[in-house]
Amino acid sequence: ATNWKLDDHPKLPKGKTVAMIVLDGWGESAPDEYNCIHTAPTPTMDSLKNGRPDTWTLIKAHGTAVGLPSEDDMGNSEVGHNALGAGRIFAQGAKLCDIALASGKIFDGEGFKYVSESFEKNTLHFVGLLSDGGVHSRLDQLQLLIKGSAERGAKRIRVHILTDGRDVLDGSSVGFVETLEADLAKLRENGVDAQIASGGGRMYVTLDRYENDWGVVKRGWDAQVLGEAPHKFKNAVEAVKTLRKEPGANDQYLPPFVIVDEAGKAVGPIVDGDAVVTFNFRADRMVMHAKALEYEDFDKFDRVRFPKIRYAGMLEYDGELKLPSRYLVSPPEIDRTSGEYLTHNGVSTFACSETVKFGHVTFFWNGNRSGYFNEKLEQYVEIPSDSGISFNVKPKMKALEIAEKARDAILSGKFDQVRVNLPNSDMVGHTGDIDATVVACEAADVAVKMILDAIEQVKGIYVVTADHGNAEDMVKRDKAGKPALDKEGNLQILTSHTLKPVPIAIGGPGLSEGVRFRKDLETPGLANVAATVMNLHGFVAPADYEPTLIEVVEKN
Ligand code: 3PG
Ligand code: CO
């Protein structure tokens with residue numbers, strides 16, 4: 001059994017209010033016109049950076065530092081918040097799937113066996129995000145899954161694609177669809193009836209999260225299960241190319257379509273007896289869809305038809321809800337998170353964000369676990385996000401409201417830790433709208449100020465950091481770091497996250513004199529933050545946590 005009791009820190013006191021502020025998508029990069037954090041007025045974050053040099057530093061937020069397969073993998077919110085909350089580096093979904101696919105073990109597991117029972121008489125459907133972004137899914141993993149399934153008897157395969165443009169460049173969807181089509185054509189030559197059956201843009205079809213807008217999931221359901229969509233095409237490449245020209249459409253917001261045969265009939269609705277595999281490994285944007293596919297009792301929208309299927313997720317998407325009940329690869333077991341330890345040691349916590357990032361400071365922070373560890377000591381508040389809009393339209397989002405809630409929680413004196421995620425630089429950065437992203441960064445900075453002011457009043461401590469980069473670089477660059485132009489000589493706007501490090505700052509009147517960042521850690525990263533925060537609450541972190549970022553030097 002776990003010993004939950006944390007040792008007292010030899011030098012740091014208990015009882016200080018600690019504000020833990022996570023700026024989403026706020027990295028550190030060279031100042032230029034495409035660095036929105038640089039161009040935006042951000043006096044509060046600037047003052048932290050230009051303050052005491054030993055209380056501001058940069059930490060790694062991408063690649064192996066957060067459990068991703070390689071140093072080419074940009075950071076993302078799931079792995080970032082997992083590392084921040086858990087204090088250790090776990091091999092993440094992307095990597096676990098790579099390993100299971102490389103060894104072929106994925107095909108020997110319970111999950112695959114279960115779906116493969118449909119191969120003889122029924123269709124195998126794949127649903128997921130089609131790109132090589134590596135945040136939610138990867139095309140090469142889908143390719144291996146399709147190939148492996150065909151080799152193991154799948155005779156009829158249908159792929160329901162969601163176009164990306166958010167973790168990869170807008171417009172790249174066409175190339176991904178062409179690659180997939182070429183694979184499926186080869187399978188057809190070998191006698192497997194394999195086709196793309198439907199599609200749509202990830203932000204408009206299927207991949208909503210944290211129950212922000214069930215309409216998104218419904219549009220996917222209609223296309224994938226019912227075979228109904230406003231647009232019908234005979235060919236998916238043509239579908240994507242044509243629909244991208246619709247007003248307001250891009251890869252992220254492509255309208256839903258179905259592929260139809262010569263007679264105009266949808267080629268791949270999901271019906272009784274079929275198998276369905278969702279090939280995303282990341283959880284947040286699969287949970288709602290998984291509920292629709294799996295729950296007998298369901299009232300979020302009218303499913304019209306609820307097919308009896310054999311369904312497996314690439315991973316288990318929610319360990320607490322056990323959803324879905326079948327999956328191909330076991331998720332990382334992110335146990336003994338800092339949140340769980342701190343509640344066992346009497347630390348009370350308030351966590352808040354708006355809907356689109358709410359699960360980041362709760363579910364991801366707590367190791368992909370929904371709910372409280374201890375209801376008496378924790379309060380999680382969700383501020384409803386604007387739904388049905390792209391956030392460049394309202395770049396201030398709910399930053400002010402989140403800051404007000406945090407301020408009130410700090411001033412109430414009821415909480416030892418007040419934790420927030422400020423989404424602006426990430427959510428608006430993902431739209432690729434540079435002017436709006438500047439407004440977003442400014443709004444986040446104002447919110448930080450409000451929280452720091454409250455910490456000042458209660459003589460508390462603040463920790464300000466970020467989960468990964470985004471708004472600090474809005475263009476694709478060449479090897480020399482110059483903007484890389486496309487064939488027509490245009491800038492290529494970068495909607496995705498980056499490989500940049502993120503800042504971390506500590507301070508506030510409650511911070512003991514002599515506390516400063518250590519210089520002896522070789523490559524500190526997000527996973528070092530949990531031990532740091534435990535120290536600031538007056539505890540020593542468990543021995544297997546990544547080392548704390550701080551030391552306490554004696555005054556002379
Ligand atoms: C998304 O899901 O919005 C992006 O793919 C990743 O963004 P996040 O990791 O910041 O949530
Ligand atoms: Co993001």
# chains A, B, ... in the order shown; residues from 1 in each chain; ligands from 1
>>> closest_atom_pairs(of="chain A", to="ligand 2", cutoff="10 Å", atoms="only C-alpha atoms and all ligand atoms", output="Markdown table")
| residue | atom | partner | partner_atom_place_in_ligand_line | distance |
| --- | --- | --- | --- | --- |
| A:Asp24 | CA | ligand 2 | 1 (Co) | 7.1 |
| A:Gly25 | CA | ligand 2 | 1 (Co) | 6.1 |
| A:Trp26 | CA | ligand 2 | 1 (Co) | 9.9 |
| A:Gly75 | CA | ligand 2 | 1 (Co) | 8.8 |
| A:Asn76 | CA | ligand 2 | 1 (Co) | 6.2 |
| A:Ser77 | CA | ligand 2 | 1 (Co) | 6.2 |
| A:Glu78 | CA | ligand 2 | 1 (Co) | 9.3 |
| A:Val135 | CA | ligand 2 | 1 (Co) | 9.3 |
| A:Arg166 | CA | ligand 2 | 1 (Co) | 8.2 |
| A:Asp167 | CA | ligand 2 | 1 (Co) | 8.0 |
| A:Lys357 | CA | ligand 2 | 1 (Co) | 9.4 |
| A:Pro423 | CA | ligand 2 | 1 (Co) | 8.5 |
| A:Asn424 | CA | ligand 2 | 1 (Co) | 9.7 |
| A:Ser425 | CA | ligand 2 | 1 (Co) | 8.6 |
| A:Asp426 | CA | ligand 2 | 1 (Co) | 4.9 |
| A:Met427 | CA | ligand 2 | 1 (Co) | 6.1 |
| A:Val428 | CA | ligand 2 | 1 (Co) | 9.0 |
| A:Gly429 | CA | ligand 2 | 1 (Co) | 7.9 |
| A:His430 | CA | ligand 2 | 1 (Co) | 6.5 |
| A:Asp467 | CA | ligand 2 | 1 (Co) | 9.1 |
| A:His468 | CA | ligand 2 | 1 (Co) | 8.1 |
| A:Gly469 | CA | ligand 2 | 1 (Co) | 8.5 |
| A:Asn470 | CA | ligand 2 | 1 (Co) | 7.1 |
| A:Ala471 | CA | ligand 2 | 1 (Co) | 9.7 |
| A:Thr495 | CA | ligand 2 | 1 (Co) | 8.9 |
| A:Ser496 | CA | ligand 2 | 1 (Co) | 7.0 |
| A:His497 | CA | ligand 2 | 1 (Co) | 6.1 |
| A:Thr498 | CA | ligand 2 | 1 (Co) | 9.7 |
>>> write_last_selection(atoms="N, CA and C atoms", output="PDB file, in the first residue's frame")
ATOM      1  N   ASP A  24      -1.746  28.331 -21.076  1.00  0.00           N
ATOM      2  CA  ASP A  24      -1.760  27.271 -22.082  1.00  0.00           C
ATOM      3  C   ASP A  24      -1.146  27.789 -23.380  1.00  0.00           C
ATOM      4  N   GLY A  25      -0.146  27.083 -23.898  1.00  0.00           N
ATOM      5  CA  GLY A  25       0.432  27.482 -25.183  1.00  0.00           C
ATOM      6  C   GLY A  25       1.259  28.747 -25.114  1.00  0.00           C
ATOM      7  N   TRP A  26       2.115  28.855 -24.103  1.00  0.00           N
ATOM      8  CA  TRP A  26       2.902  30.081 -23.879  1.00  0.00           C
ATOM      9  C   TRP A  26       4.370  29.695 -23.772  1.00  0.00           C
ATOM     10  N   GLY A  75       5.184  19.565 -27.639  1.00  0.00           N
ATOM     11  CA  GLY A  75       4.409  19.327 -26.419  1.00  0.00           C
ATOM     12  C   GLY A  75       2.923  19.449 -26.685  1.00  0.00           C
ATOM     13  N   ASN A  76       2.131  18.970 -25.760  1.00  0.00           N
ATOM     14  CA  ASN A  76       0.686  19.203 -25.844  1.00  0.00           C
ATOM     15  C   ASN A  76       0.113  19.223 -24.440  1.00  0.00           C
ATOM     16  N   SER A  77      -1.142  19.595 -24.347  1.00  0.00           N
ATOM     17  CA  SER A  77      -1.737  19.819 -23.020  1.00  0.00           C
ATOM     18  C   SER A  77      -1.895  18.542 -22.215  1.00  0.00           C
ATOM     19  N   GLU A  78      -2.180  17.439 -22.891  1.00  0.00           N
ATOM     20  CA  GLU A  78      -2.372  16.195 -22.140  1.00  0.00           C
ATOM     21  C   GLU A  78      -1.069  15.811 -21.441  1.00  0.00           C
ATOM     22  N   VAL A 135      -0.314  14.374 -31.707  1.00  0.00           N
ATOM     23  CA  VAL A 135      -0.924  14.848 -30.456  1.00  0.00           C
ATOM     24  C   VAL A 135      -2.076  13.924 -30.051  1.00  0.00           C
ATOM     25  N   ARG A 166      -4.712  21.621 -37.222  1.00  0.00           N
ATOM     26  CA  ARG A 166      -4.548  22.261 -35.915  1.00  0.00           C
ATOM     27  C   ARG A 166      -3.226  21.836 -35.264  1.00  0.00           C
ATOM     28  N   ASP A 167      -2.890  20.564 -35.418  1.00  0.00           N
ATOM     29  CA  ASP A 167      -1.588  20.075 -34.949  1.00  0.00           C
ATOM     30  C   ASP A 167      -0.599  20.014 -36.113  1.00  0.00           C
ATOM     31  N   LYS A 357     -10.713  23.959 -21.413  1.00  0.00           N
ATOM     32  CA  LYS A 357      -9.474  23.550 -20.741  1.00  0.00           C
ATOM     33  C   LYS A 357      -9.734  23.039 -19.324  1.00  0.00           C
ATOM     34  N   PRO A 423      -6.467  29.708 -21.025  1.00  0.00           N
ATOM     35  CA  PRO A 423      -6.402  29.054 -22.344  1.00  0.00           C
ATOM     36  C   PRO A 423      -6.014  29.935 -23.514  1.00  0.00           C
ATOM     37  N   ASN A 424      -6.028  31.255 -23.345  1.00  0.00           N
ATOM     38  CA  ASN A 424      -6.052  32.153 -24.508  1.00  0.00           C
ATOM     39  C   ASN A 424      -4.963  31.929 -25.551  1.00  0.00           C
ATOM     40  N   SER A 425      -3.702  31.920 -25.098  1.00  0.00           N
ATOM     41  CA  SER A 425      -2.618  31.880 -26.091  1.00  0.00           C
ATOM     42  C   SER A 425      -2.656  30.587 -26.895  1.00  0.00           C
ATOM     43  N   ASP A 426      -3.166  29.517 -26.295  1.00  0.00           N
ATOM     44  CA  ASP A 426      -3.271  28.260 -27.034  1.00  0.00           C
ATOM     45  C   ASP A 426      -4.481  28.246 -27.965  1.00  0.00           C
ATOM     46  N   MET A 427      -5.654  28.494 -27.403  1.00  0.00           N
ATOM     47  CA  MET A 427      -6.882  28.334 -28.200  1.00  0.00           C
ATOM     48  C   MET A 427      -6.936  29.328 -29.354  1.00  0.00           C
ATOM     49  N   VAL A 428      -6.460  30.538 -29.130  1.00  0.00           N
ATOM     50  CA  VAL A 428      -6.480  31.516 -30.217  1.00  0.00           C
ATOM     51  C   VAL A 428      -5.286  31.275 -31.146  1.00  0.00           C
ATOM     52  N   GLY A 429      -4.154  30.869 -30.576  1.00  0.00           N
ATOM     53  CA  GLY A 429      -3.008  30.494 -31.405  1.00  0.00           C
ATOM     54  C   GLY A 429      -3.372  29.412 -32.411  1.00  0.00           C
ATOM     55  N   HIS A 430      -4.206  28.459 -32.002  1.00  0.00           N
ATOM     56  CA  HIS A 430      -4.627  27.378 -32.909  1.00  0.00           C
ATOM     57  C   HIS A 430      -5.461  27.869 -34.083  1.00  0.00           C
ATOM     58  N   ASP A 467       2.132  24.943 -20.278  1.00  0.00           N
ATOM     59  CA  ASP A 467       2.173  23.496 -20.552  1.00  0.00           C
ATOM     60  C   ASP A 467       2.946  23.150 -21.834  1.00  0.00           C
ATOM     61  N   HIS A 468       3.071  24.115 -22.733  1.00  0.00           N
ATOM     62  CA  HIS A 468       3.790  23.903 -24.003  1.00  0.00           C
ATOM     63  C   HIS A 468       3.753  25.213 -24.761  1.00  0.00           C
ATOM     64  N   GLY A 469       4.508  25.319 -25.822  1.00  0.00           N
ATOM     65  CA  GLY A 469       4.502  26.533 -26.622  1.00  0.00           C
ATOM     66  C   GLY A 469       3.387  26.547 -27.661  1.00  0.00           C
ATOM     67  N   ASN A 470       3.020  27.735 -28.106  1.00  0.00           N
ATOM     68  CA  ASN A 470       2.098  27.905 -29.225  1.00  0.00           C
ATOM     69  C   ASN A 470       2.182  29.335 -29.764  1.00  0.00           C
ATOM     70  N   ALA A 471       1.701  30.310 -28.971  1.00  0.00           N
ATOM     71  CA  ALA A 471       1.559  31.685 -29.484  1.00  0.00           C
ATOM     72  C   ALA A 471       2.890  32.399 -29.719  1.00  0.00           C
ATOM     73  N   THR A 495      -0.486  26.862 -36.946  1.00  0.00           N
ATOM     74  CA  THR A 495      -1.588  26.799 -35.977  1.00  0.00           C
ATOM     75  C   THR A 495      -1.244  25.891 -34.801  1.00  0.00           C
ATOM     76  N   SER A 496      -0.180  25.133 -34.931  1.00  0.00           N
ATOM     77  CA  SER A 496       0.092  24.072 -33.947  1.00  0.00           C
ATOM     78  C   SER A 496       0.903  24.574 -32.757  1.00  0.00           C
ATOM     79  N   HIS A 497       1.152  23.659 -31.845  1.00  0.00           N
ATOM     80  CA  HIS A 497       2.095  23.891 -30.748  1.00  0.00           C
ATOM     81  C   HIS A 497       3.514  23.941 -31.330  1.00  0.00           C
ATOM     82  N   THR A 498       4.495  24.120 -30.437  1.00  0.00           N
ATOM     83  CA  THR A 498       5.889  24.234 -30.883  1.00  0.00           C
ATOM     84  C   THR A 498       6.776  23.315 -30.038  1.00  0.00           C
TER      85      THR A 498
END
>>> select_by_dssp(residues="stretch 269-366 of chain A", states="strand (DSSP E or B)", output="number ranges by chain")
A: 275-278, 310-315, 318, 323, 327-329, 349-354
>>> write_last_selection(atoms="C-alpha atoms", output="mmCIF file, in the first residue's frame")
data_model
loop_
_atom_site.group_PDB
_atom_site.id
_atom_site.type_symbol
_atom_site.label_atom_id
_atom_site.label_comp_id
_atom_site.auth_asym_id
_atom_site.auth_seq_id
_atom_site.Cartn_x
_atom_site.Cartn_y
_atom_site.Cartn_z
ATOM 1 C CA ALA A 275 -16.541 -3.540 -35.394
ATOM 2 C CA VAL A 276 -15.378 0.004 -34.630
ATOM 3 C CA VAL A 277 -11.878 1.042 -33.641
ATOM 4 C CA THR A 278 -11.186 4.664 -32.735
ATOM 5 C CA ARG A 310 -17.874 -4.438 -31.165
ATOM 6 C CA TYR A 311 -16.109 -1.246 -30.216
ATOM 7 C CA ALA A 312 -12.569 -0.721 -28.977
ATOM 8 C CA GLY A 313 -10.591 2.450 -28.391
ATOM 9 C CA MET A 314 -6.906 2.651 -29.251
ATOM 10 C CA LEU A 315 -6.536 3.334 -25.523
ATOM 11 C CA ASP A 318 -11.195 7.415 -18.968
ATOM 12 C CA LEU A 323 -14.506 4.050 -21.007
ATOM 13 C CA TYR A 327 -9.266 -1.006 -25.906
ATOM 14 C CA LEU A 328 -6.190 -2.090 -27.862
ATOM 15 C CA VAL A 329 -3.412 -0.653 -25.694
ATOM 16 C CA THR A 349 -7.285 22.823 -3.501
ATOM 17 C CA PHE A 350 -9.357 25.013 -5.775
ATOM 18 C CA ALA A 351 -9.002 24.336 -9.508
ATOM 19 C CA CYS A 352 -10.627 26.355 -12.279
ATOM 20 C CA SER A 353 -10.668 26.911 -16.001
ATOM 21 C CA GLU A 354 -13.244 27.402 -18.707
#
>>> atom_distance(atom1="atom CA of A:Ser47", atom2="atom CA of A:Phe517")
17.1 Å
>>> residues_around(residues="A:Val225", least_positions_apart="6", cutoff="9 Å", atoms="only C-alpha atoms", output="VMD selection string")
chain A and resid 268 to 271 303 305 to 307
>>> closest_residue(among="A:Val356, A:Ala239, A:Leu101, A:Ala223", to="ligand 1", atoms="only C-alpha atoms and all ligand atoms")
A:Val356
>>> residues_around(residues="A:Glu181", least_positions_apart="3", cutoff="9 Å", atoms="only C-alpha atoms", output="number ranges by chain")
A: 176-178, 184-186, 195-196, 236-237
>>> closest_residue(among="A:Gly220, A:Pro509, A:Gly359, A:Gly111", to="ligand 1", atoms="only C-alpha atoms and all ligand atoms")
A:Gly359
>>> closest_residue(among="A:Val192, A:Ala290, A:Val240, A:Leu422", to="ligand 1", atoms="only C-alpha atoms and all ligand atoms")
A:Leu422
>>> residues_around(residues="A:Tyr253", least_positions_apart="2", cutoff="8 Å", atoms="only C-alpha atoms", output="VMD selection string")
chain A and resid 200 to 205 248 to 251 255
>>> residues_around(residues="A:Ala1", least_positions_apart="3", cutoff="12 Å", atoms="only C-alpha atoms", output="list in words")
Trp4, Lys5 and Arg336 of chain A
>>> closest_residue(among="A:Phe281, A:Phe415, A:Tyr295, A:Tyr545", to="ligand 1", atoms="only C-alpha atoms and all ligand atoms")
A:Phe281
